[in-house]
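Asker: Here it is: the structure, laid out below.
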Amino acid sequence: MTSRLHIRTPSLREVESQGEGHTGSATADIISTVEFNHTGELLATGDKGGRVVIFQREPESKNAPHSQGEYDVYSTFQSHEPEFDYLKSLEIEEKINKIKWLPQQNAAHSLLSTNDKTIKLWKITERDKRPEGYNLKDEEGKLKDLSTVTSLQVPVLKPMDLMVEVSPRRIFANGHTYHINSISVNSDCETYMSADDLRINLWHLAITDRSFNIVDIKPANMEDLTEVITASEFHPHHCNLFVYSSSKGSLRLCDMRAAALCDKHSKLFEEPEDPSNRSFFSEIISSVSDVKFSHSGRYMLTRDYLTVKVWDLNMEARPIETYQVHDYLRSKLCSLYENDCIFDKFECAWNGSDSVIMTGAYNNFFRMFDRNTKRDVTLEASRESSKPRAVLKPRRVCVGGKRRRDDISVDSLDFTKKILHTAWHPAENIIAIAATNNLYIFQDKVNSDMH
Amino acid sequence: MEFKLEAHRIVSISLGKIYNSRVQRGGIKLHKNLLVSLVLRSARQVYLSDPCPGLYLAGPAGIPAPPPQQQPGEPAAGPPAGWGEPPPPAARASWPETEPQPERPSVSHAPRVGDEVPVTTVTGVGDVLQGGEADATEAAWSRVERPRQAAAREAEGPAGGWGVFPEGSLAARRPCGCPLGGEDPPGTPATTLRTACCCAPRPAEDEPPAPPAVCPRKRGAAGVGGGPAGCPAPGSTPLKKPRRNLEQPPSGGEDDDAEEMETGNVANLISIFGSSFSGLLRKSPGGGREEEEGEESGPEAAEPGQICCDKPVLRDMNPWSTAIVAF
């Protein structure tokens, strides 16, 4: 993985001012999810204010070779609004927890977006022609005075400025008692699953009034609760397999052919705890915050607070690879517990060839690990380093000992700048990094093929 | 000692988090609260099992024992000073009444008394989370606690037999120094046990862990305080208070809990709040109750919610404890 990257930085906030004119507070702009579609042409982001912004990659043009393949805003819409559950007297946040694209089946694009309780299927269509020359209506749509009509004409389609229309096609509501943390579209392109803290439901994309419960880990007595579901995903190729992770750090692979209710796992992936690292916070830092199948379907990637781990589906006893993201935080867990940072849920991502994995950290740092060369790099998403065609410089956190000039010391890390959400283009070396309310898109121009 | 201070700090931070989660937008987050409760439980175990009686008696805000909140007219709640002190003779009479609590896995703890006495007690008292989670936590702290267990075992001596006490009838004989009143026919195992337990070891005994383990959370203060080994030698403190909750049958859990909290004792609060996960969630007023699908997890879980309304309690407490009570 080369470390030379070219940068394009559209700020979500700048985009906002051009578009809808939403004047929410700054927290509403905080990006809460990032997802490329299956071709990488579109990039969707969701934020805390319930909005979805879709970016589209500009086709490469000979006229402006240096702006080839940059992402511009394609559409912005309000996906979810805040709601109030009167029965339980609690507010339902409009924050978009996850967006997942459906495989494209016609000219339209579709995506699922979800907040804590409700999943919505949005259809995104383009309109670039409109009919002109009506007989009974004039250009503004007002009825013509019939006495002025002297001849008949056939309306013709004329090109117009591209208009992107978004409409909610399905609303999957009332399926979950607890907060939805993940959704995943099945490879059969007909069903998808949604997971909350204790249950996973299987939906059909065309049916909104019922869903099947396929996993239920709610204990009969809530006092016996010891673990919750933290993430789940369908296998990319086998439509009967899915995995879900728990707050205890385990992964469960389930086969829907085995039983209607998949409480009993087919495989349990769990690494025994290292007793020498035991502390008050061992349980928290072992909680898995994200799980992703590799593109090949052979491996799984998990993220817990301090590490990313690669698991082989054929080996349940332990991960095959473990990478330390920011082990220097291990001695600071108490402070991180106090300021709630220990509960941050970082996501992880594979590159298209499954050779590099990426995850975010603090101080707007994000980390990449090359599985083949075992090299890793820390990069920073910041405005200073984000000028177009600038090259990202690797960063280093020093933990005492020799300190080089540009090193950052652990104590000067900014824990309010956290990169929780990252996405990697399915085929090329383009990554999308969400840093609070800014979206950074980095492209590797030197070597844009996968290696 | 530092361990204990850190545990104390973590407990107070955790309780603050759970309190704040009630007013969070979007309702209580189950995952985060579960993790916080796990930390709370770990810290509580360390806090309560650390053999530092001096710190215990000082109370949460450095109040010297006995706590000044002690109402003259009331029977002393005793937990702060009561920790590590053997129950006064009269108190023992209450044990049989508290023991037969069907929901308490008292018997299951009995066989473990010999091995993990302090841990068993601490987890047994009010700790409804069972099985693997409790075991894992116990195992995790086994390194810390083993030295104390050895000490405890020694101190207990014949008291080890008390693990059998959950049978109830035995304990009934125990009040006063000489339960042997010939009430049982000699030769029964009960007699043997009683003989062993009652008189001789008393001066040197530690707080018997088994009965507190048996007792439900309602006796949290007493149980908790008495559980860990390493309690001060009985009779060492002239101002030891009678264990009021031992005297009371657990008729109303609310009353017990409220009166326990008047002492401002951290352990009480910890044992109550940390006892049941859903109990923590249930404290939220009116909303955010994730498990509310018509389920009630039992009277013991419902009690904590009632404590919050107990105004007389609030009046008597130091600010730190007040914040926790208000939660």
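Residues in the structure tokens are numbered from 1 in each chain, the chains being A, B, ... in the order shown, and ligands are numbered from 1 in the order shown.
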Taking a cut-off of 6 Å and counting only C-alpha atoms, can you build a table that, for each residue of chain A near chain B, reports the nearest atom pair and how far apart they are in Å (one decimal), sorted by chain then residue number, as JSON lines?

Answerer:
```
{"residue": "A:Lys88", "atom": "CA", "partner": "B:Gly287", "partner_atom": "CA", "distance": 5.3}
{"residue": "A:Ser89", "atom": "CA", "partner": "B:Gly287", "partner_atom": "CA", "distance": 5.0}
{"residue": "A:Leu90", "atom": "CA", "partner": "B:Gly27", "partner_atom": "CA", "distance": 5.6}
{"residue": "A:Glu91", "atom": "CA", "partner": "B:Gly26", "partner_atom": "CA", "distance": 4.8}
{"residue": "A:Ile92", "atom": "CA", "partner": "B:Gly26", "partner_atom": "CA", "distance": 4.8}
{"residue": "A:Glu93", "atom": "CA", "partner": "B:Gly26", "partner_atom": "CA", "distance": 5.1}
{"residue": "A:Met222", "atom": "CA", "partner": "B:Ser278", "partner_atom": "CA", "distance": 5.9}
{"residue": "A:Glu223", "atom": "CA", "partner": "B:Phe277", "partner_atom": "CA", "distance": 5.1}
{"residue": "A:Asp224", "atom": "CA", "partner": "B:Leu129", "partner_atom": "CA", "distance": 4.9}
{"residue": "A:Phe280", "atom": "CA", "partner": "B:Val39", "partner_atom": "CA", "distance": 5.8}
{"residue": "A:Ile284", "atom": "CA", "partner": "B:Leu35", "partner_atom": "CA", "distance": 5.9}
```

Asker: Which is closer to Glu2 of chain B than all the others in B:Asn20, B:Asn33, B:Leu15, B:Tyr47, using only C-alpha atoms?

Answerer: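 The answer is B:Tyr47, which sits nearest to Glu2 of chain B.
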
Asker: Would you kindly return, as a PyMOL selection string, each protein, DNA or RNA residue with an atom no farther than 7 Å from any atom of Gly49 of chain A, considering only C-alpha atoms and excluding same-chain residues fewer than 4 positions away?

Answerer: chain A and resi 28-29+94-95

Asker: Just to be explicit: take each residue in the selection above, keep C-alpha atoms, and write the result as a PDB file, in the first residue's frame.

Answerer:
```
ATOM      1  CA  ALA A  28     -26.779  17.818  13.751  1.00  0.00           C
ATOM      2  CA  ASP A  29     -24.048  17.821  11.152  1.00  0.00           C
ATOM      3  CA  GLU A  94     -33.338  10.890  14.184  1.00  0.00           C
ATOM      4  CA  LYS A  95     -29.658  10.079  13.919  1.00  0.00           C
TER       5      LYS A  95
END
```

Asker: Where does DSSP see helix (DSSP H, G or I) in segment 338-381 of chain A, if you list the residues as a list of chain:residue names?

Answerer: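 After running DSSP on the backbone, segment 338-381 of chain A has helix (DSSP H, G or I) at A:Glu338, A:Cys341, A:Ile342, A:Phe343.
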
Asker: Write the residues of the preceding selection, restricted to N, CA, C and O atoms, as a compact mmCIF listing (two decimals), in the first residue's frame.

Answerer:
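Result went into part-v3.txt, see below:
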```
# COMPACT_ATOMS: atom_id res chain seq x y z
N GLU A 338 -14.00 7.82 32.24
CA GLU A 338 -14.62 9.01 32.80
C GLU A 338 -15.19 9.92 31.74
O GLU A 338 -16.30 10.45 31.89
N CYS A 341 -15.12 8.20 26.45
CA CYS A 341 -14.51 7.80 25.18
C CYS A 341 -14.39 6.29 25.05
O CYS A 341 -14.34 5.76 23.94
N ILE A 342 -14.34 5.60 26.16
CA ILE A 342 -14.17 4.16 26.10
C ILE A 342 -15.39 3.49 25.47
O ILE A 342 -15.32 2.33 25.05
N PHE A 343 -16.48 4.21 25.37
CA PHE A 343 -17.67 3.66 24.75
C PHE A 343 -17.77 3.97 23.26
O PHE A 343 -18.74 3.60 22.60
```

Asker: Using only C-alpha atoms, determine which residues lie at most 8 Å from segment 314-322 of chain A, disregarding the query and same-chain residues fewer than 2 positions distant; provide the list as a PyMOL selection string.

Answerer: chain A and resi 267-272+307-312+324

Asker: I'd like the contact shell of Ile357 of chain A - 10 Å cut-off, only C-alpha atoms, skipping same-chain residues fewer than 3 positions apart - returned as a list of chain:residue names.

Answerer: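 The contact residues come out as A:Ser294, A:Leu301, A:Val308, A:Lys309, A:Val310, A:Tyr323, A:Cys348, A:Ala349, A:Trp350, A:Asn351, A:Gly352, A:Ser353, A:Asp354, A:Arg367, A:Met368, A:Phe369, A:Asp370, A:Arg371, A:Asp376, A:Trp424.
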
Asker: From a backbone DSSP assignment, name each residue in segment 63-123 of chain A labelled strand (DSSP E), as a PyMOL selection string.

Answerer: chain A and resi 71-78+83-85+90-92+98-101+109-114+119-123

Asker: So, with only C-alpha atoms as the atoms that count, which of A:Glu58, A:Glu126, A:Asp255, A:Asp444 lies closest to Val166 of chain A?

Answerer: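 Ranking A:Glu58, A:Glu126, A:Asp255, A:Asp444 by distance to Val166 of chain A, first place goes to A:Glu126.
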
Asker: Pick out the residues sitting within 10 Å of segment 190-195 of chain A, and hand them over as an MDAnalysis selection string; count only C-alpha atoms, and ignore anything fewer than 2 positions along from it in its own chain.

Answerer: chainID A and resid 100 102 112 114 117:119 175:176 178:188 197:207 211:216 229:234 239 242 244

Asker: Might you pull out every residue within 7 Å of Thr76 of chain A, with only C-alpha atoms counted and same-chain residues fewer than 2 positions away left off, and present them as a list in words?

Answerer: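 Listed by chain and then number, they are Val52, Val53 and Ile54 of chain A.
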
Asker: Just write the chosen residues, N, CA, C and O atoms, as a tab-separated table (two decimals), in the first residue's frame.

Answerer:
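The new file again-v4.tsv reads:
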```tsv
chain	number	residue	atom	x	y	z
A	52	VAL	N	-29.46	12.56	4.89
A	52	VAL	CA	-28.57	11.72	4.07
A	52	VAL	C	-28.06	12.59	2.95
A	52	VAL	O	-28.83	13.31	2.30
A	53	VAL	N	-26.76	12.55	2.74
A	53	VAL	CA	-26.15	13.26	1.62
A	53	VAL	C	-25.45	12.22	0.76
A	53	VAL	O	-24.69	11.40	1.26
A	54	ILE	N	-25.76	12.26	-0.51
A	54	ILE	CA	-25.15	11.31	-1.44
A	54	ILE	C	-24.20	12.05	-2.35
A	54	ILE	O	-24.55	13.09	-2.93
```

Asker: So how many Å separate atom CA of Gly297 of chain A and atom CA of Trp122 of chain A, to one decimal?

Answerer: 27.3 Å
